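Trainee: start-v4.txt is reproduced in full below (compact mmCIF, C-alpha atoms).
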```
# COMPACT_ATOMS: atom_id res chain seq x y z
CA MET I 193 139.07 33.58 49.37
CA GLY I 194 139.64 30.24 47.66
CA ALA I 195 138.18 29.16 44.34
CA GLU I 196 135.49 27.00 45.96
CA GLU I 197 134.35 29.96 48.09
CA ARG I 198 134.32 32.21 45.02
CA VAL I 199 132.14 29.74 43.11
CA LYS I 200 129.62 29.82 45.97
CA ALA I 201 129.82 33.60 46.41
CA LEU I 202 129.24 34.16 42.69
CA GLY I 203 126.29 31.76 42.68
CA ILE I 204 127.91 29.59 40.02
CA GLU I 205 126.42 26.14 39.62
CA LEU I 206 128.71 23.66 37.91
CA PRO I 207 127.18 21.14 35.50
CA ALA I 208 127.21 17.41 36.15
CA GLY I 209 129.89 16.90 33.52
CA SER I 210 130.10 14.55 30.60
CA SER I 211 132.10 11.58 29.41
CA PRO I 212 134.57 11.58 26.51
CA VAL I 213 133.00 10.93 23.12
CA GLY I 214 135.94 8.97 21.75
CA ASN I 215 138.99 6.95 22.72
CA TYR I 216 140.56 9.42 25.15
CA VAL I 217 140.30 10.62 28.75
CA SER I 218 139.07 13.99 30.02
CA ALA I 219 142.26 14.77 31.93
CA VAL I 220 145.86 13.65 32.25
CA ARG I 221 148.19 14.69 35.04
CA SER I 222 151.93 14.96 34.45
CA GLY I 223 153.82 16.18 37.50
CA SER I 224 152.23 19.40 38.66
CA LEU I 225 150.38 19.97 35.39
CA LEU I 226 146.85 18.83 34.62
CA PHE I 227 145.94 18.75 30.92
CA LEU I 228 142.22 18.86 30.13
CA ALA I 229 140.93 17.53 26.82
CA GLY I 230 138.77 19.71 24.61
CA HIS I 231 135.36 20.43 26.13
CA GLY I 232 132.26 21.68 24.35
CA PRO I 233 129.33 23.83 25.44
CA LEU I 234 126.70 21.85 27.32
CA ARG I 235 123.48 23.49 28.45
CA ALA I 236 122.04 22.68 31.89
CA ASP I 237 119.69 20.14 30.25
CA GLY I 238 122.68 18.30 28.75
CA ALA I 239 122.06 19.46 25.17
CA MET I 240 125.01 20.77 23.17
CA VAL I 241 124.98 24.31 21.87
CA GLN I 242 125.40 24.08 18.11
CA GLY I 243 126.04 26.41 15.21
CA LYS I 244 128.64 28.33 13.30
CA VAL I 245 129.75 31.64 14.80
CA GLY I 246 129.14 34.54 12.46
CA HIS I 247 126.26 32.70 10.80
CA ASP I 248 124.09 30.89 13.37
CA LEU I 249 125.41 32.65 16.49
CA ASP I 250 126.56 36.20 17.05
CA VAL I 251 129.55 37.09 19.23
CA ALA I 252 127.44 37.46 22.40
CA ALA I 253 125.82 34.03 22.00
CA ALA I 254 129.19 32.44 21.18
CA LYS I 255 130.78 34.11 24.23
CA ASP I 256 127.96 32.63 26.35
CA ALA I 257 128.76 29.22 24.82
CA ALA I 258 132.44 29.67 25.73
CA ARG I 259 131.39 30.41 29.33
CA LEU I 260 129.43 27.13 29.33
CA VAL I 261 132.61 25.38 28.20
CA GLY I 262 134.45 27.06 31.07
CA LEU I 263 131.88 25.68 33.51
CA SER I 264 132.44 22.18 32.12
CA LEU I 265 136.20 22.62 32.46
CA LEU I 266 135.72 23.63 36.10
CA THR I 267 133.60 20.51 36.66
CA THR I 268 136.40 18.34 35.27
CA LEU I 269 139.02 20.13 37.38
CA ARG I 270 136.95 19.55 40.52
CA ARG I 271 136.30 15.90 39.63
CA GLU I 272 139.99 15.22 38.99
CA LEU I 273 141.35 17.15 41.98
CA GLY I 274 138.57 16.87 44.55
CA SER I 275 138.46 20.66 44.93
CA LEU I 276 139.07 23.73 42.79
CA ASP I 277 141.28 24.96 45.61
CA GLU I 278 143.90 22.46 44.42
CA VAL I 279 144.47 24.60 41.30
CA GLU I 280 147.64 26.65 41.71
CA ARG I 281 147.07 28.59 38.50
CA ILE I 282 145.58 28.31 35.04
CA VAL I 283 148.55 28.11 32.69
CA LYS I 284 147.17 27.92 29.15
CA VAL I 285 143.86 27.89 27.30
CA LEU I 286 143.39 26.87 23.68
CA GLY I 287 140.07 28.09 22.31
CA MET I 288 138.78 26.88 18.96
CA VAL I 289 135.84 28.64 17.33
CA ASN I 290 133.67 27.14 14.58
CA CYS I 291 133.70 30.17 12.26
CA ALA I 292 131.66 31.24 9.27
CA PRO I 293 133.82 32.59 6.42
CA GLY I 294 135.07 36.05 7.30
CA PHE I 295 134.49 35.79 11.06
CA ASN I 296 137.65 36.93 12.83
CA HIS I 297 136.59 37.94 16.35
CA THR I 298 137.69 34.68 17.97
CA PRO I 299 139.36 36.38 20.97
CA ALA I 300 136.04 38.01 21.96
CA VAL I 301 134.36 34.59 21.90
CA ILE I 302 136.99 32.86 24.05
CA ASP I 303 136.79 35.73 26.56
CA GLY I 304 133.61 34.00 27.79
CA CYS I 305 135.78 31.24 29.25
CA SER I 306 138.75 33.42 30.19
CA ASP I 307 136.57 35.88 32.11
CA LEU I 308 135.03 32.99 34.09
CA LEU I 309 138.47 31.61 34.99
CA VAL I 310 139.55 35.00 36.32
CA GLU I 311 136.28 35.34 38.28
CA VAL I 312 136.87 31.97 39.94
CA PHE I 313 140.66 31.95 40.42
CA GLY I 314 141.48 35.68 40.56
CA GLU I 315 144.97 36.52 39.30
CA ALA I 316 145.81 32.79 39.27
CA GLY I 317 143.14 32.47 36.57
CA ARG I 318 144.97 34.78 34.13
CA HIS I 319 146.55 32.56 31.53
CA ALA I 320 148.36 32.36 28.24
CA ARG I 321 145.88 31.74 25.44
CA SER I 322 145.31 30.99 21.80
CA ALA I 323 141.95 31.74 20.18
CA VAL I 324 141.74 30.29 16.69
CA GLY I 325 139.08 29.91 14.04
CA MET I 326 138.21 26.51 12.61
CA ALA I 327 136.21 25.52 9.55
CA GLU I 328 134.34 22.85 11.54
CA LEU I 329 134.20 21.44 15.05
CA PRO I 330 132.78 18.09 16.22
CA PHE I 331 128.98 17.83 16.31
CA ASP I 332 128.72 21.39 14.91
CA ILE I 333 129.54 22.92 18.31
CA PRO I 334 130.48 26.61 18.13
CA VAL I 335 133.45 26.43 20.49
CA GLU I 336 135.83 23.85 21.97
CA ILE I 337 138.37 24.67 24.65
CA GLU I 338 141.37 22.84 26.13
CA LEU I 339 143.05 23.89 29.38
CA ILE I 340 146.34 23.32 31.18
CA ALA I 341 146.46 23.98 34.94
CA GLU I 342 149.25 23.90 37.48
CA VAL I 343 147.98 21.93 40.47
CA ARG I 344 149.06 21.11 44.02
```
Could you write out this structure as structure tokens?
Mentor:
Amino acid sequence: MGAEERVKALGIELPAGSSPVGNYVSAVRSGSLLFLAGHGPLRADGAMVQGKVGHDLDVAAAKDAARLVGLSLLTTLRRELGSLDEVERIVKVLGMVNCAPGFNHTPAVIDGCSDLLVEVFGEAGRHARSAVGMAELPFDIPVEIELIAEVR
């Protein structure tokens, strides 16, 4: 089963997507690699999830926000490639978490995105990853994630 079929089978609805909020592009292809810029968590209504993890959001809410970021990343992959089936494998994910002092469960937060990628791409969705805490993120979002994919 391909990634597009899995998305349908899982009942996943991808968001409309968003435009960059600065002087950059959402994706750059170099050879067989597609580099996606940092994405934030957008709700279905287009509003950004906001707050500091460990203060305003608990791990479960932050993990849900990371899943929303994953959905936005999938939207960008589909827009750039025409189909998620053009993804050979997810190579690397960089997850940044807007942490309150003392919060150190960043891997559990970024699992929200990683779990989604494995659901959609199967073993090809397993990736190398960094999950780091940050003092602040743009617009007070709780999580920002970048992705590198190998594509056909």
Trainee: How far is it from atom CA of I:Gly317 to atom CA of I:Val285, in Å with one decimal?
Mentor: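 Straight-line distance from atom CA of I:Gly317 to atom CA of I:Val285 works out to 10.4 Å.
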Trainee: Which of these, I:Arg321, I:Arg344, I:Ser222, I:Leu202, has the shortest distance to I:Ser275 once you count all atoms listed in the file?
Mentor: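 Closest residue, counting all atoms listed in the file: I:Arg344.
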Trainee: When you look at I:Asp256 with a cut-off of 9 Å (counting all atoms listed in the file), what residues show up, excluding the ones that are within fewer than 3 positions of it in the same chain? I need them as a count of residues only.
Mentor: 10
Trainee: Determine, counting only C-alpha atoms, every residue of protein, DNA or RNA that lies within 10 Å of (121.4, 26.4, 31.1) in the file coordinates, then give the result as an MDAnalysis selection string.
Mentor: chainID I and resid 205 207 234:239 260
Trainee: Take the selection from the previous step and output its residues with C-alpha atoms, as a PDB file, in the frame of the given file.
Mentor:
```pdb
ATOM      1  CA  GLU I 205     126.420  26.140  39.620  1.00  0.00           C
ATOM      2  CA  PRO I 207     127.180  21.140  35.500  1.00  0.00           C
ATOM      3  CA  LEU I 234     126.700  21.850  27.320  1.00  0.00           C
ATOM      4  CA  ARG I 235     123.480  23.490  28.450  1.00  0.00           C
ATOM      5  CA  ALA I 236     122.040  22.680  31.890  1.00  0.00           C
ATOM      6  CA  ASP I 237     119.690  20.140  30.250  1.00  0.00           C
ATOM      7  CA  GLY I 238     122.680  18.300  28.750  1.00  0.00           C
ATOM      8  CA  ALA I 239     122.060  19.460  25.170  1.00  0.00           C
ATOM      9  CA  LEU I 260     129.430  27.130  29.330  1.00  0.00           C
TER      10      LEU I 260
END
```
Trainee: Atom CA of I:His319 and atom CA of I:Cys291, how far apart in Å?
Mentor: 23.3 Å
Trainee: Find the residue from I:Gly314, I:Ile302, I:Thr268, I:Val245 that sits nearest to I:Met326; use only C-alpha atoms when measuring.
Mentor: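 For I:Met326, the nearest of the candidates is I:Val245.
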Trainee: For I:Met193, which of I:Val335, I:Asp277, I:Ile282, I:Leu265 is the closest residue, counting all atoms listed in the file?
Mentor: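 Counting all atoms listed in the file, the residue closest to I:Met193 is I:Asp277.
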Trainee: Let me make sure I understand: among I:Ser224, I:Asn296, I:Asn290, I:Ser264, which one has the smallest atom-to-atom distance to I:Gly243 if we use only C-alpha atoms?
Mentor: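 Smallest distance to I:Gly243 is found for I:Asn290.
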Trainee: Considering only C-alpha atoms, state which residue in the set I:Ala201, I:Ile333, I:Ile340, I:Ala229 is at the smallest distance from I:Val289.
Mentor: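 Smallest distance to I:Val289 is found for I:Ile333.
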Trainee: Tell me, as an mmCIF file with C-alpha atoms, in the coordinates of the input, which residues lie within 7 Å of I:Glu336, counting all atoms listed in the file; anything in the same chain fewer than 3 positions away does not count.
Mentor:
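Okay, this is what ended up in selection-v2.cif:
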```cif
data_model
loop_
_atom_site.group_PDB
_atom_site.id
_atom_site.type_symbol
_atom_site.label_atom_id
_atom_site.label_comp_id
_atom_site.auth_asym_id
_atom_site.auth_seq_id
_atom_site.Cartn_x
_atom_site.Cartn_y
_atom_site.Cartn_z
ATOM 1 C CA GLY I 230 138.770 19.710 24.610
ATOM 2 C CA HIS I 231 135.360 20.430 26.130
ATOM 3 C CA GLY I 232 132.260 21.680 24.350
ATOM 4 C CA GLY I 287 140.070 28.090 22.310
ATOM 5 C CA MET I 288 138.780 26.880 18.960
ATOM 6 C CA VAL I 289 135.840 28.640 17.330
#
```
Trainee: Just want the 6 Å neighbourhood of I:Ala341, counted on all atoms listed in the file, with same-chain residues fewer than 6 positions away dropped. Output as a ChimeraX atom specification.
Mentor: /I:225-226,281-283
Trainee: Write out as a list in words which residues come within 12 Å of I:His247 when counting all atoms listed in the file, dropping same-chain ones fewer than 5 positions away.
Mentor: Gln242, Ala253, Ala254, Asn290, Cys291, Ala292, Pro293, Gly294, Phe295 and Pro334 of chain I
Trainee: Closest to I:Pro330 among I:Arg271, I:Lys244, I:His297, I:Lys255, using all atoms listed in the file?
Mentor: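 Under the stated criterion, the closest residue is I:Lys244.
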Trainee: Interatomic distance between atom CA of I:Gly325 and atom CA of I:Asp250?
Mentor: 14.3 Å
Trainee: Is it possible to get the residues within 9 Å of (132.8, 32.6, 36.4) (coordinates as in the file, counting only C-alpha atoms) written as a VMD selection string?
Mentor: chain I and resid 198 to 199 202 204 259 262 to 263 304 to 313
Trainee: How big is the axis-aligned box, and where does its centre sit, when it encloses all atoms of stretch 327-342 of chain I listed in the file and has 4 Å added on every side, reported in Å to one decimal as lines of an AutoDock Vina configuration file?
Mentor:
```
center_x = 139.0
center_y = 22.2
center_z = 23.5
size_x = 28.5
size_y = 16.8
size_z = 35.9
```
Trainee: Since the input is missing atoms, can you rebuild N, CA and C atoms for stretch 309-330 of chain I and write them as an mmCIF file, in the frame of the given file?
Mentor:
```cif
data_model
loop_
_atom_site.group_PDB
_atom_site.id
_atom_site.type_symbol
_atom_site.label_atom_id
_atom_site.label_comp_id
_atom_site.auth_asym_id
_atom_site.auth_seq_id
_atom_site.Cartn_x
_atom_site.Cartn_y
_atom_site.Cartn_z
ATOM 1 N N LEU I 309 137.299 32.113 34.268
ATOM 2 C CA LEU I 309 138.470 31.610 34.990
ATOM 3 C C LEU I 309 139.051 32.664 35.915
ATOM 4 N N VAL I 310 139.062 33.914 35.470
ATOM 5 C CA VAL I 310 139.550 35.000 36.320
ATOM 6 C C VAL I 310 138.577 35.261 37.466
ATOM 7 N N GLU I 311 137.270 35.179 37.207
ATOM 8 C CA GLU I 311 136.280 35.340 38.280
ATOM 9 C C GLU I 311 136.498 34.301 39.379
ATOM 10 N N VAL I 312 136.763 33.067 38.985
ATOM 11 C CA VAL I 312 136.870 31.970 39.940
ATOM 12 C C VAL I 312 138.237 31.907 40.624
ATOM 13 N N PHE I 313 139.307 32.125 39.870
ATOM 14 C CA PHE I 313 140.660 31.950 40.420
ATOM 15 C C PHE I 313 141.392 33.257 40.682
ATOM 16 N N GLY I 314 140.792 34.399 40.384
ATOM 17 C CA GLY I 314 141.480 35.680 40.560
ATOM 18 C C GLY I 314 142.691 35.751 39.643
ATOM 19 N N GLU I 315 143.754 36.361 40.127
ATOM 20 C CA GLU I 315 144.970 36.520 39.300
ATOM 21 C C GLU I 315 145.530 35.172 38.861
ATOM 22 N N ALA I 316 145.334 34.119 39.653
ATOM 23 C CA ALA I 316 145.810 32.790 39.270
ATOM 24 C C ALA I 316 145.024 32.232 38.081
ATOM 25 N N GLY I 317 143.930 32.884 37.732
ATOM 26 C CA GLY I 317 143.140 32.470 36.570
ATOM 27 C C GLY I 317 143.589 33.121 35.278
ATOM 28 N N ARG I 318 144.445 34.144 35.360
ATOM 29 C CA ARG I 318 144.970 34.780 34.130
ATOM 30 C C ARG I 318 145.950 33.798 33.497
ATOM 31 N N HIS I 319 145.842 33.646 32.199
ATOM 32 C CA HIS I 319 146.550 32.560 31.530
ATOM 33 C C HIS I 319 147.045 32.992 30.151
ATOM 34 N N ALA I 320 147.984 32.232 29.646
ATOM 35 C CA ALA I 320 148.360 32.360 28.240
ATOM 36 C C ALA I 320 147.225 31.750 27.427
ATOM 37 N N ARG I 321 147.047 32.212 26.183
ATOM 38 C CA ARG I 321 145.880 31.740 25.440
ATOM 39 C C ARG I 321 146.100 31.837 23.941
ATOM 40 N N SER I 322 145.473 30.911 23.243
ATOM 41 C CA SER I 322 145.310 30.990 21.800
ATOM 42 C C SER I 322 143.825 30.924 21.513
ATOM 43 N N ALA I 323 143.359 31.737 20.568
ATOM 44 C CA ALA I 323 141.950 31.740 20.180
ATOM 45 C C ALA I 323 141.924 31.677 18.657
ATOM 46 N N VAL I 324 141.621 30.504 18.128
ATOM 47 C CA VAL I 324 141.740 30.290 16.690
ATOM 48 C C VAL I 324 140.410 29.911 16.056
ATOM 49 N N GLY I 325 140.269 30.262 14.793
ATOM 50 C CA GLY I 325 139.080 29.910 14.040
ATOM 51 C C GLY I 325 139.269 28.589 13.314
ATOM 52 N N MET I 326 138.213 27.819 13.270
ATOM 53 C CA MET I 326 138.210 26.510 12.610
ATOM 54 C C MET I 326 137.073 26.473 11.595
ATOM 55 N N ALA I 327 137.267 25.682 10.546
ATOM 56 C CA ALA I 327 136.210 25.520 9.550
ATOM 57 C C ALA I 327 135.056 24.688 10.081
ATOM 58 N N GLU I 328 135.359 23.738 10.940
ATOM 59 C CA GLU I 328 134.340 22.850 11.540
ATOM 60 C C GLU I 328 134.844 22.402 12.906
ATOM 61 N N LEU I 329 133.895 22.077 13.782
ATOM 62 C CA LEU I 329 134.200 21.440 15.050
ATOM 63 C C LEU I 329 133.263 20.243 15.206
ATOM 64 N N PRO I 330 133.619 19.274 16.059
ATOM 65 C CA PRO I 330 132.780 18.090 16.220
ATOM 66 C C PRO I 330 131.333 18.441 16.579
#
```
